>>> print(open('final-v1.cif').read())   # mmCIF, N, CA and C atoms
data_structure
loop_
_atom_site.label_atom_id
_atom_site.label_comp_id
_atom_site.auth_asym_id
_atom_site.auth_seq_id
_atom_site.Cartn_x
_atom_site.Cartn_y
_atom_site.Cartn_z
N MET F 67 -9.66 24.38 -4.24
CA MET F 67 -9.19 25.69 -4.58
C MET F 67 -8.18 25.55 -5.71
N LYS F 68 -8.39 26.28 -6.79
CA LYS F 68 -7.51 26.22 -7.94
C LYS F 68 -6.73 27.53 -8.04
N ILE F 69 -5.43 27.41 -8.23
CA ILE F 69 -4.55 28.57 -8.33
C ILE F 69 -3.69 28.42 -9.58
N THR F 70 -3.59 29.50 -10.36
CA THR F 70 -2.71 29.51 -11.53
C THR F 70 -1.52 30.40 -11.22
N LEU F 71 -0.33 29.86 -11.44
CA LEU F 71 0.91 30.58 -11.19
C LEU F 71 1.67 30.69 -12.50
N ASN F 72 2.18 31.88 -12.80
CA ASN F 72 2.75 32.14 -14.12
C ASN F 72 4.26 32.03 -14.22
N SER F 73 4.91 31.55 -13.17
CA SER F 73 6.36 31.39 -13.24
C SER F 73 6.83 30.47 -12.11
N GLU F 74 8.06 30.02 -12.23
CA GLU F 74 8.64 29.21 -11.16
C GLU F 74 8.76 30.06 -9.89
N THR F 75 9.09 31.33 -10.06
CA THR F 75 9.19 32.23 -8.91
C THR F 75 7.85 32.35 -8.18
N ALA F 76 6.76 32.44 -8.94
CA ALA F 76 5.43 32.52 -8.33
C ALA F 76 5.12 31.23 -7.57
N THR F 77 5.55 30.10 -8.10
CA THR F 77 5.35 28.81 -7.41
C THR F 77 6.13 28.81 -6.10
N GLN F 78 7.35 29.28 -6.14
CA GLN F 78 8.18 29.34 -4.94
C GLN F 78 7.55 30.27 -3.89
N GLN F 79 7.06 31.41 -4.33
CA GLN F 79 6.44 32.36 -3.42
C GLN F 79 5.17 31.78 -2.79
N PHE F 80 4.38 31.07 -3.58
CA PHE F 80 3.17 30.47 -3.02
C PHE F 80 3.52 29.40 -2.00
N ALA F 81 4.54 28.59 -2.28
CA ALA F 81 4.96 27.55 -1.33
C ALA F 81 5.36 28.18 0.00
N GLN F 82 6.04 29.31 -0.05
CA GLN F 82 6.46 29.97 1.18
C GLN F 82 5.28 30.61 1.90
N LYS F 83 4.32 31.11 1.14
CA LYS F 83 3.11 31.66 1.76
C LYS F 83 2.35 30.55 2.50
N LEU F 84 2.26 29.39 1.88
CA LEU F 84 1.60 28.25 2.53
C LEU F 84 2.36 27.87 3.80
N ALA F 85 3.69 27.84 3.71
CA ALA F 85 4.52 27.45 4.84
C ALA F 85 4.32 28.38 6.04
N GLN F 86 4.14 29.66 5.79
CA GLN F 86 4.02 30.59 6.92
C GLN F 86 2.70 30.43 7.67
N ASN F 87 1.75 29.72 7.08
CA ASN F 87 0.45 29.52 7.72
C ASN F 87 0.26 28.12 8.29
N ILE F 88 1.27 27.31 8.26
CA ILE F 88 1.12 25.90 8.64
C ILE F 88 1.56 25.66 10.08
N LYS F 89 0.90 24.71 10.69
CA LYS F 89 1.27 24.28 12.04
C LYS F 89 1.28 22.75 12.07
N PRO F 90 2.37 22.17 12.56
CA PRO F 90 2.42 20.71 12.66
C PRO F 90 1.50 20.19 13.74
N PRO F 91 1.08 18.96 13.67
CA PRO F 91 1.37 18.01 12.59
C PRO F 91 0.50 18.28 11.36
N MET F 92 1.06 18.00 10.21
CA MET F 92 0.37 18.23 8.94
C MET F 92 0.98 17.29 7.91
N VAL F 93 0.12 16.67 7.10
CA VAL F 93 0.57 15.80 6.01
C VAL F 93 0.06 16.40 4.71
N ILE F 94 1.00 16.68 3.80
CA ILE F 94 0.66 17.26 2.51
C ILE F 94 1.16 16.34 1.41
N TYR F 95 0.24 15.91 0.56
CA TYR F 95 0.62 15.13 -0.62
C TYR F 95 0.85 16.10 -1.78
N LEU F 96 1.95 15.90 -2.49
CA LEU F 96 2.24 16.66 -3.70
C LEU F 96 2.10 15.71 -4.88
N GLN F 97 1.12 15.97 -5.73
CA GLN F 97 0.82 15.08 -6.85
C GLN F 97 1.10 15.78 -8.17
N GLY F 98 1.41 14.98 -9.18
CA GLY F 98 1.61 15.51 -10.52
C GLY F 98 2.65 14.71 -11.26
N ASP F 99 2.71 14.93 -12.56
CA ASP F 99 3.65 14.22 -13.42
C ASP F 99 5.09 14.62 -13.11
N LEU F 100 6.02 13.87 -13.68
CA LEU F 100 7.43 14.21 -13.58
C LEU F 100 7.67 15.61 -14.14
N GLY F 101 8.48 16.39 -13.47
CA GLY F 101 8.89 17.68 -13.97
C GLY F 101 7.88 18.80 -13.83
N VAL F 102 6.81 18.56 -13.08
CA VAL F 102 5.76 19.57 -12.97
C VAL F 102 6.01 20.56 -11.83
N GLY F 103 6.99 20.30 -10.98
CA GLY F 103 7.35 21.25 -9.95
C GLY F 103 7.11 20.82 -8.52
N LYS F 104 6.89 19.54 -8.28
CA LYS F 104 6.64 19.06 -6.91
C LYS F 104 7.85 19.33 -6.01
N THR F 105 9.03 18.98 -6.48
CA THR F 105 10.23 19.16 -5.67
C THR F 105 10.57 20.64 -5.52
N THR F 106 10.35 21.42 -6.55
CA THR F 106 10.57 22.87 -6.45
C THR F 106 9.67 23.46 -5.39
N PHE F 107 8.41 23.04 -5.39
CA PHE F 107 7.45 23.49 -4.38
C PHE F 107 7.95 23.11 -2.98
N ALA F 108 8.31 21.83 -2.81
CA ALA F 108 8.76 21.34 -1.51
C ALA F 108 10.02 22.07 -1.06
N ARG F 109 10.96 22.27 -1.96
CA ARG F 109 12.21 22.95 -1.62
C ARG F 109 11.93 24.36 -1.09
N SER F 110 11.09 25.11 -1.78
CA SER F 110 10.77 26.47 -1.35
C SER F 110 10.03 26.48 -0.02
N PHE F 111 9.12 25.53 0.14
CA PHE F 111 8.38 25.38 1.39
C PHE F 111 9.36 25.18 2.55
N ILE F 112 10.29 24.26 2.39
CA ILE F 112 11.25 23.93 3.44
C ILE F 112 12.21 25.09 3.69
N GLN F 113 12.64 25.76 2.65
CA GLN F 113 13.55 26.89 2.80
C GLN F 113 12.93 28.02 3.61
N PHE F 114 11.62 28.16 3.58
CA PHE F 114 10.94 29.18 4.38
C PHE F 114 11.34 29.07 5.85
N PHE F 115 11.60 27.86 6.33
CA PHE F 115 11.91 27.62 7.73
C PHE F 115 13.41 27.75 8.04
N GLY F 116 14.18 28.28 7.09
CA GLY F 116 15.59 28.58 7.33
C GLY F 116 16.58 27.51 6.91
N PHE F 117 16.13 26.52 6.17
CA PHE F 117 17.03 25.46 5.70
C PHE F 117 17.53 25.83 4.31
N ASP F 118 18.82 26.15 4.20
CA ASP F 118 19.37 26.59 2.91
C ASP F 118 19.59 25.43 1.95
N LYS F 119 20.16 24.35 2.47
CA LYS F 119 20.45 23.20 1.61
C LYS F 119 19.29 22.21 1.69
N VAL F 120 18.50 22.18 0.65
CA VAL F 120 17.36 21.26 0.57
C VAL F 120 17.55 20.40 -0.66
N LYS F 121 17.72 19.11 -0.43
CA LYS F 121 17.94 18.23 -1.58
C LYS F 121 16.75 17.30 -1.79
N SER F 122 16.65 16.82 -3.01
CA SER F 122 15.56 15.92 -3.36
C SER F 122 15.75 14.57 -2.69
N PRO F 123 14.68 14.00 -2.14
CA PRO F 123 14.79 12.67 -1.51
C PRO F 123 14.55 11.52 -2.50
N THR F 124 14.72 11.78 -3.79
CA THR F 124 14.42 10.75 -4.79
C THR F 124 15.17 9.45 -4.52
N TYR F 125 16.45 9.53 -4.16
CA TYR F 125 17.23 8.30 -3.95
C TYR F 125 17.21 7.82 -2.51
N SER F 126 17.12 8.74 -1.57
CA SER F 126 17.14 8.36 -0.16
C SER F 126 15.73 8.05 0.38
N LEU F 127 14.69 8.39 -0.37
CA LEU F 127 13.28 8.25 -0.02
C LEU F 127 12.79 9.29 0.97
N VAL F 128 13.66 9.75 1.87
CA VAL F 128 13.25 10.77 2.83
C VAL F 128 14.44 11.65 3.20
N GLU F 129 14.18 12.93 3.32
CA GLU F 129 15.13 13.90 3.85
C GLU F 129 14.41 14.62 4.99
N SER F 130 15.09 14.73 6.12
CA SER F 130 14.48 15.39 7.28
C SER F 130 15.19 16.70 7.58
N TYR F 131 14.41 17.65 8.07
CA TYR F 131 14.90 18.99 8.40
C TYR F 131 14.34 19.34 9.77
N GLN F 132 15.24 19.61 10.70
CA GLN F 132 14.81 19.92 12.06
C GLN F 132 15.60 21.11 12.59
N ASN F 133 14.91 21.98 13.29
CA ASN F 133 15.55 23.04 14.04
C ASN F 133 14.69 23.28 15.28
N ASP F 134 14.95 24.34 16.01
CA ASP F 134 14.20 24.59 17.24
C ASP F 134 12.72 24.87 16.99
N ALA F 135 12.38 25.31 15.78
CA ALA F 135 11.01 25.72 15.49
C ALA F 135 10.17 24.67 14.77
N ILE F 136 10.80 23.76 14.03
CA ILE F 136 10.03 22.91 13.12
C ILE F 136 10.71 21.56 12.90
N ASN F 137 9.91 20.59 12.52
CA ASN F 137 10.38 19.26 12.17
C ASN F 137 9.66 18.89 10.87
N ILE F 138 10.42 18.72 9.78
CA ILE F 138 9.84 18.44 8.46
C ILE F 138 10.47 17.18 7.89
N HIS F 139 9.62 16.32 7.32
CA HIS F 139 10.09 15.13 6.60
C HIS F 139 9.56 15.22 5.18
N HIS F 140 10.48 15.18 4.22
CA HIS F 140 10.12 15.26 2.81
C HIS F 140 10.35 13.87 2.20
N PHE F 141 9.27 13.23 1.81
CA PHE F 141 9.32 11.88 1.24
C PHE F 141 9.13 11.96 -0.28
N ASP F 142 9.82 11.08 -0.98
CA ASP F 142 9.59 10.90 -2.41
C ASP F 142 9.48 9.40 -2.65
N CYS F 143 8.28 8.94 -2.91
CA CYS F 143 8.02 7.50 -3.06
C CYS F 143 8.19 7.00 -4.48
N TYR F 144 8.69 7.83 -5.38
CA TYR F 144 8.76 7.49 -6.81
C TYR F 144 9.50 6.18 -7.08
N ARG F 145 10.56 5.92 -6.36
CA ARG F 145 11.38 4.74 -6.63
C ARG F 145 10.95 3.48 -5.87
N LEU F 146 9.84 3.56 -5.15
CA LEU F 146 9.37 2.37 -4.42
C LEU F 146 8.86 1.30 -5.38
N SER F 147 9.24 0.07 -5.11
CA SER F 147 8.67 -1.06 -5.85
C SER F 147 7.47 -1.61 -5.10
N ASP F 148 7.50 -1.44 -3.78
CA ASP F 148 6.45 -1.95 -2.92
C ASP F 148 6.35 -1.01 -1.71
N PRO F 149 5.15 -0.65 -1.29
CA PRO F 149 5.01 0.26 -0.15
C PRO F 149 5.71 -0.23 1.11
N GLU F 150 5.85 -1.55 1.28
CA GLU F 150 6.49 -2.09 2.47
C GLU F 150 7.97 -1.73 2.56
N GLU F 151 8.57 -1.25 1.46
CA GLU F 151 9.96 -0.80 1.50
C GLU F 151 10.12 0.36 2.49
N LEU F 152 9.03 1.07 2.74
CA LEU F 152 9.09 2.18 3.69
C LEU F 152 9.39 1.70 5.11
N GLU F 153 9.09 0.45 5.40
CA GLU F 153 9.43 -0.13 6.70
C GLU F 153 10.95 -0.16 6.89
N TYR F 154 11.69 -0.36 5.80
CA TYR F 154 13.15 -0.44 5.89
C TYR F 154 13.79 0.89 6.26
N ILE F 155 13.11 1.98 5.97
CA ILE F 155 13.67 3.29 6.35
C ILE F 155 13.10 3.76 7.68
N GLY F 156 12.28 2.94 8.31
CA GLY F 156 11.72 3.28 9.62
C GLY F 156 10.59 4.28 9.55
N ILE F 157 9.67 4.09 8.63
CA ILE F 157 8.56 5.03 8.40
C ILE F 157 7.81 5.36 9.70
N ARG F 158 7.69 4.40 10.57
CA ARG F 158 6.95 4.64 11.83
C ARG F 158 7.63 5.69 12.70
N ASP F 159 8.96 5.73 12.66
CA ASP F 159 9.70 6.73 13.43
C ASP F 159 9.39 8.14 12.93
N TYR F 160 9.21 8.28 11.63
CA TYR F 160 8.92 9.59 11.04
C TYR F 160 7.50 10.05 11.32
N THR F 161 6.60 9.10 11.44
CA THR F 161 5.19 9.46 11.59
C THR F 161 4.74 9.54 13.04
N ASN F 162 5.61 9.19 13.98
CA ASN F 162 5.25 9.23 15.39
C ASN F 162 5.64 10.54 16.08
N THR F 163 6.05 11.53 15.31
CA THR F 163 6.42 12.82 15.87
C THR F 163 5.53 13.90 15.28
N PRO F 164 5.32 14.98 16.01
CA PRO F 164 4.49 16.08 15.46
C PRO F 164 5.28 16.88 14.42
N ALA F 165 5.26 16.40 13.20
CA ALA F 165 6.05 16.99 12.13
C ALA F 165 5.16 17.35 10.94
N ILE F 166 5.76 18.09 10.04
CA ILE F 166 5.14 18.32 8.74
C ILE F 166 5.71 17.26 7.81
N GLN F 167 4.83 16.58 7.10
CA GLN F 167 5.27 15.60 6.12
C GLN F 167 4.85 16.08 4.73
N LEU F 168 5.83 16.24 3.86
CA LEU F 168 5.57 16.53 2.45
C LEU F 168 5.85 15.24 1.71
N ILE F 169 4.85 14.72 0.98
CA ILE F 169 5.00 13.41 0.37
C ILE F 169 4.72 13.49 -1.12
N GLU F 170 5.76 13.22 -1.92
CA GLU F 170 5.62 13.13 -3.37
C GLU F 170 5.35 11.68 -3.75
N TRP F 171 4.52 11.47 -4.76
CA TRP F 171 4.17 10.14 -5.26
C TRP F 171 3.56 9.29 -4.14
N ALA F 172 2.68 9.88 -3.36
CA ALA F 172 2.07 9.21 -2.21
C ALA F 172 1.34 7.93 -2.59
N GLU F 173 0.77 7.90 -3.78
CA GLU F 173 0.02 6.71 -4.19
C GLU F 173 0.89 5.46 -4.23
N LEU F 174 2.21 5.62 -4.34
CA LEU F 174 3.10 4.47 -4.35
C LEU F 174 3.43 3.96 -2.94
N GLY F 175 3.02 4.71 -1.93
CA GLY F 175 3.25 4.31 -0.55
C GLY F 175 1.96 3.97 0.17
N THR F 176 0.90 3.74 -0.59
CA THR F 176 -0.42 3.47 -0.01
C THR F 176 -0.36 2.36 1.03
N GLY F 177 -0.98 2.63 2.16
CA GLY F 177 -1.03 1.66 3.24
C GLY F 177 0.09 1.82 4.26
N MET F 178 1.13 2.57 3.89
CA MET F 178 2.27 2.74 4.79
C MET F 178 2.45 4.20 5.23
N ILE F 179 1.88 5.13 4.48
CA ILE F 179 2.06 6.54 4.82
C ILE F 179 0.78 7.08 5.44
N ALA F 180 0.93 8.18 6.12
CA ALA F 180 -0.21 8.81 6.78
C ALA F 180 -1.18 9.38 5.74
N PRO F 181 -2.45 9.43 6.06
CA PRO F 181 -3.40 10.07 5.15
C PRO F 181 -3.14 11.57 5.10
N ALA F 182 -3.46 12.16 3.96
CA ALA F 182 -3.20 13.59 3.75
C ALA F 182 -4.20 14.46 4.49
N ASP F 183 -3.71 15.59 4.97
CA ASP F 183 -4.57 16.66 5.45
C ASP F 183 -4.90 17.59 4.28
N LEU F 184 -3.92 17.73 3.38
CA LEU F 184 -4.06 18.59 2.21
C LEU F 184 -3.38 17.91 1.03
N THR F 185 -4.04 17.92 -0.11
CA THR F 185 -3.45 17.41 -1.35
C THR F 185 -3.27 18.58 -2.30
N ILE F 186 -2.07 18.67 -2.86
CA ILE F 186 -1.78 19.70 -3.85
C ILE F 186 -1.42 18.99 -5.15
N ALA F 187 -2.28 19.11 -6.14
CA ALA F 187 -2.04 18.52 -7.46
C ALA F 187 -1.48 19.61 -8.35
N LEU F 188 -0.28 19.39 -8.86
CA LEU F 188 0.37 20.35 -9.74
C LEU F 188 0.28 19.87 -11.17
N SER F 189 0.05 20.79 -12.08
CA SER F 189 0.05 20.48 -13.51
C SER F 189 0.53 21.72 -14.26
N GLY F 190 0.82 21.54 -15.53
CA GLY F 190 1.24 22.67 -16.35
C GLY F 190 2.55 22.41 -17.05
N ASP F 191 3.16 23.50 -17.52
CA ASP F 191 4.43 23.40 -18.24
C ASP F 191 5.45 24.32 -17.57
N SER F 192 6.55 24.58 -18.26
CA SER F 192 7.62 25.37 -17.65
C SER F 192 7.22 26.82 -17.38
N GLU F 193 6.21 27.32 -18.06
CA GLU F 193 5.78 28.71 -17.87
C GLU F 193 4.65 28.85 -16.87
N THR F 194 3.64 28.02 -16.98
CA THR F 194 2.44 28.16 -16.15
C THR F 194 2.18 26.89 -15.36
N ARG F 195 1.91 27.07 -14.08
CA ARG F 195 1.57 25.94 -13.22
C ARG F 195 0.15 26.16 -12.69
N GLU F 196 -0.58 25.08 -12.65
CA GLU F 196 -1.88 25.11 -11.99
C GLU F 196 -1.79 24.22 -10.76
N LEU F 197 -2.26 24.74 -9.66
CA LEU F 197 -2.29 24.00 -8.41
C LEU F 197 -3.74 23.82 -8.00
N MET F 198 -4.11 22.59 -7.75
CA MET F 198 -5.43 22.29 -7.23
C MET F 198 -5.23 21.83 -5.79
N LEU F 199 -5.68 22.64 -4.85
CA LEU F 199 -5.53 22.34 -3.44
C LEU F 199 -6.84 21.77 -2.92
N THR F 200 -6.76 20.59 -2.30
CA THR F 200 -7.94 19.91 -1.79
C THR F 200 -7.72 19.53 -0.34
N ALA F 201 -8.56 20.07 0.52
CA ALA F 201 -8.51 19.70 1.94
C ALA F 201 -9.12 18.32 2.10
N GLN F 202 -8.47 17.49 2.88
CA GLN F 202 -8.96 16.13 3.12
C GLN F 202 -9.65 15.99 4.47
N ASN F 203 -9.54 17.04 5.30
CA ASN F 203 -10.14 17.00 6.64
C ASN F 203 -10.19 18.42 7.20
N ASP F 204 -10.56 18.56 8.45
CA ASP F 204 -10.68 19.88 9.08
C ASP F 204 -9.34 20.61 9.16
N ILE F 205 -8.26 19.87 9.38
CA ILE F 205 -6.94 20.49 9.43
C ILE F 205 -6.61 21.13 8.09
N GLY F 206 -6.86 20.41 7.02
CA GLY F 206 -6.64 20.94 5.67
C GLY F 206 -7.53 22.12 5.38
N ASN F 207 -8.79 22.05 5.80
CA ASN F 207 -9.73 23.17 5.59
C ASN F 207 -9.25 24.44 6.30
N THR F 208 -8.75 24.28 7.50
CA THR F 208 -8.24 25.43 8.26
C THR F 208 -7.07 26.07 7.52
N LEU F 209 -6.18 25.26 6.99
CA LEU F 209 -5.05 25.80 6.25
C LEU F 209 -5.52 26.52 4.99
N LEU F 210 -6.45 25.95 4.27
CA LEU F 210 -6.96 26.60 3.05
C LEU F 210 -7.60 27.95 3.35
N GLN F 211 -8.23 28.08 4.48
CA GLN F 211 -8.84 29.37 4.84
C GLN F 211 -7.78 30.44 5.05
N CYS F 212 -6.58 30.05 5.45
CA CYS F 212 -5.49 31.01 5.65
C CYS F 212 -4.86 31.43 4.33
N VAL F 213 -4.98 30.58 3.32
CA VAL F 213 -4.39 30.89 2.01
C VAL F 213 -5.35 31.76 1.28
#
>>> encode(input="final-v1.cif", output="structure tokens")
Amino acid sequence: MKITLNSETATQQFAQKLAQNIKPPMVIYLQGDLGVGKTTFARSFIQFFGFDKVKSPTYSLVESYQNDAINIHHFDCYRLSDPEELEYIGIRDYTNTPAIQLIEWAELGTGMIAPADLTIALSGDSETRELMLTAQNDIGNTLLQCV
């Protein structure tokens, strides 16, 4: 499914629309070049669930958000030198719970991270974003039908 969004606000609104239709467990890969809006998308997605302060996990590798309704782990694998570095942050602890995982730069964590249910490839410039949503299994297909 291909979607064109004409502003950062439209990207934020789409992320929140996706969030309102999601049920854990779910793994979403966010793909695209630097500066294309992966973290903006993730931030808006997470804020939908009532988390005001959402920071980028670029340096910490993972930021977790939990409340009575949801458990979300936002990973950014950009700074990994080796996928096994994820063992040092206890990747197994994050993947053994029924949570939503948003994973940026997933290809750098190959072999250590969960396979995607949905892949969102972002491209474009500061004005227009294109999102290519690809379901990787039945869970992803179900979510796409809601969008």
>>> atom_distance(input="final-v1.cif", atom1="atom CA of F:Phe111", atom2="atom CA of F:Phe141")
13.5 Å
>>> resolve_selection(input="final-v1.cif", expression="the PyMOL selection byres (((chain F and resi 131 and name CA) around 9) and name CA)", output="list in words")
Ile112, Phe117, Val120, Glu129, Ser130, Gln132, Asn133, Ile136, Asn137, Ile138, His139 and His140 of chain F
>>> resolve_selection(input="final-v1.cif", expression="the PyMOL selection byres ((chain F and resi 193-196) around 5)", output="list in words")
Ile69, Thr70, Leu71, Asn72, Ser73, Leu188, Ser189, Gly190, Asp191, Ser192, Leu197 and Met198 of chain F
>>> select_by_dssp(input="final-v1.cif", residues="stretch 72-141 of chain F", states="strand (DSSP E)", output="list in words")
Met92, Val93, Ile94, Tyr95, Leu96, Gln97, Val128, Glu129, Ser130, Tyr131, Gln132, Asn137, Ile138, His139, His140 and Phe141 of chain F
>>> atom_distance(input="final-v1.cif", atom1="atom CA of F:Pro181", atom2="atom CA of F:Val93")
7.0 Å
>>> closest_residue(input="final-v1.cif", among="F:Asp183, F:Tyr144, F:Glu153, F:Gly175", to="F:Gln202", atoms="only N, CA and C atoms")
F:Asp183
>>> axis_aligned_box(input="final-v1.cif", around="stretch 81-99 of chain F", padding_each_side="8 Å", output="JSON")
{"center_x": 3.3, "center_y": 22.9, "center_z": 0.2, "size_x": 22.4, "size_y": 33.4, "size_z": 43.2}
>>> resolve_selection(input="final-v1.cif", expression="the PyMOL selection byres ((chain F and resi 145) around 8)", output="list in words")
Pro123, Thr124, Tyr125, Leu127, Asp142, Cys143, Tyr144, Leu146, Ser147, Asp148, Trp171 and Leu174 of chain F
>>> closest_residue(input="final-v1.cif", among="F:Glu170, F:Phe80, F:Asn87, F:Thr75", to="F:Cys212", atoms="all atoms listed in the file")
F:Asn87
>>> atom_distance(input="final-v1.cif", atom1="atom C of F:Ile205", atom2="atom N of F:Arg158")
22.1 Å
>>> decode(input="final-v1.cif", residues="stretch 99-127 of chain F", atoms="N, CA and C atoms", output="JSON list (two decimals), in the first residue's frame")
[["chain", "number", "residue", "atom", "x", "y", "z"],
["F", 99, "ASP", "N", 16.03, 6.63, 4.48],
["F", 99, "ASP", "CA", 17.28, 7.36, 4.67],
["F", 99, "ASP", "C", 17.21, 8.26, 5.90],
["F", 100, "LEU", "N", 18.36, 8.78, 6.29],
["F", 100, "LEU", "CA", 18.43, 9.76, 7.37],
["F", 100, "LEU", "C", 17.55, 10.96, 7.04],
["F", 101, "GLY", "N", 16.82, 11.44, 8.02],
["F", 101, "GLY", "CA", 16.04, 12.66, 7.86],
["F", 101, "GLY", "C", 14.74, 12.52, 7.11],
["F", 102, "VAL", "N", 14.31, 11.29, 6.84],
["F", 102, "VAL", "CA", 13.10, 11.10, 6.03],
["F", 102, "VAL", "C", 11.83, 11.06, 6.90],
["F", 103, "GLY", "N", 11.97, 11.01, 8.21],
["F", 103, "GLY", "CA", 10.81, 11.09, 9.08],
["F", 103, "GLY", "C", 10.49, 9.86, 9.89],
["F", 104, "LYS", "N", 11.42, 8.92, 10.01],
["F", 104, "LYS", "CA", 11.17, 7.70, 10.77],
["F", 104, "LYS", "C", 10.89, 8.02, 12.24],
["F", 105, "THR", "N", 11.73, 8.86, 12.84],
["F", 105, "THR", "CA", 11.56, 9.18, 14.25],
["F", 105, "THR", "C", 10.33, 10.06, 14.46],
["F", 106, "THR", "N", 10.04, 10.95, 13.54],
["F", 106, "THR", "CA", 8.82, 11.76, 13.63],
["F", 106, "THR", "C", 7.60, 10.86, 13.62],
["F", 107, "PHE", "N", 7.60, 9.87, 12.73],
["F", 107, "PHE", "CA", 6.51, 8.91, 12.66],
["F", 107, "PHE", "C", 6.38, 8.17, 13.98],
["F", 108, "ALA", "N", 7.49, 7.64, 14.48],
["F", 108, "ALA", "CA", 7.48, 6.87, 15.73],
["F", 108, "ALA", "C", 7.01, 7.73, 16.90],
["F", 109, "ARG", "N", 7.50, 8.96, 16.97],
["F", 109, "ARG", "CA", 7.13, 9.86, 18.06],
["F", 109, "ARG", "C", 5.61, 10.09, 18.08],
["F", 110, "SER", "N", 5.03, 10.37, 16.93],
["F", 110, "SER", "CA", 3.59, 10.62, 16.86],
["F", 110, "SER", "C", 2.80, 9.36, 17.19],
["F", 111, "PHE", "N", 3.28, 8.22, 16.71],
["F", 111, "PHE", "CA", 2.66, 6.94, 17.01],
["F", 111, "PHE", "C", 2.61, 6.72, 18.52],
["F", 112, "ILE", "N", 3.72, 6.92, 19.19],
["F", 112, "ILE", "CA", 3.82, 6.70, 20.63],
["F", 112, "ILE", "C", 2.99, 7.72, 21.40],
["F", 113, "GLN", "N", 2.99, 8.96, 20.96],
["F", 113, "GLN", "CA", 2.22, 10.00, 21.63],
["F", 113, "GLN", "C", 0.72, 9.70, 21.61],
["F", 114, "PHE", "N", 0.25, 8.99, 20.61],
["F", 114, "PHE", "CA", -1.16, 8.61, 20.55],
["F", 114, "PHE", "C", -1.59, 7.91, 21.84],
["F", 115, "PHE", "N", -0.69, 7.16, 22.45],
["F", 115, "PHE", "CA", -1.01, 6.38, 23.64],
["F", 115, "PHE", "C", -0.83, 7.17, 24.94],
["F", 116, "GLY", "N", -0.65, 8.48, 24.84],
["F", 116, "GLY", "CA", -0.61, 9.35, 26.01],
["F", 116, "GLY", "C", 0.77, 9.66, 26.56],
["F", 117, "PHE", "N", 1.81, 9.34, 25.82],
["F", 117, "PHE", "CA", 3.17, 9.64, 26.28],
["F", 117, "PHE", "C", 3.60, 10.98, 25.69],
["F", 118, "ASP", "N", 3.74, 11.99, 26.53],
["F", 118, "ASP", "CA", 4.08, 13.33, 26.05],
["F", 118, "ASP", "C", 5.54, 13.45, 25.68],
["F", 119, "LYS", "N", 6.41, 12.94, 26.54],
["F", 119, "LYS", "CA", 7.85, 13.05, 26.29],
["F", 119, "LYS", "C", 8.34, 11.79, 25.58],
["F", 120, "VAL", "N", 8.59, 11.93, 24.30],
["F", 120, "VAL", "CA", 9.08, 10.81, 23.49],
["F", 120, "VAL", "C", 10.40, 11.23, 22.89],
["F", 121, "LYS", "N", 11.46, 10.54, 23.28],
["F", 121, "LYS", "CA", 12.77, 10.92, 22.77],
["F", 121, "LYS", "C", 13.32, 9.86, 21.83],
["F", 122, "SER", "N", 14.23, 10.29, 20.99],
["F", 122, "SER", "CA", 14.84, 9.38, 20.03],
["F", 122, "SER", "C", 15.77, 8.40, 20.74],
["F", 123, "PRO", "N", 15.71, 7.12, 20.37],
["F", 123, "PRO", "CA", 16.60, 6.13, 20.98],
["F", 123, "PRO", "C", 17.95, 6.00, 20.26],
["F", 124, "THR", "N", 18.34, 7.02, 19.50],
["F", 124, "THR", "CA", 19.57, 6.92, 18.71],
["F", 124, "THR", "C", 20.77, 6.55, 19.57],
["F", 125, "TYR", "N", 20.91, 7.15, 20.74],
["F", 125, "TYR", "CA", 22.09, 6.88, 21.57],
["F", 125, "TYR", "C", 21.87, 5.75, 22.56],
["F", 126, "SER", "N", 20.66, 5.59, 23.04],
["F", 126, "SER", "CA", 20.37, 4.55, 24.02],
["F", 126, "SER", "C", 20.01, 3.21, 23.37],
["F", 127, "LEU", "N", 19.74, 3.20, 22.07],
["F", 127, "LEU", "CA", 19.32, 2.06, 21.27],
["F", 127, "LEU", "C", 17.86, 1.68, 21.47]]
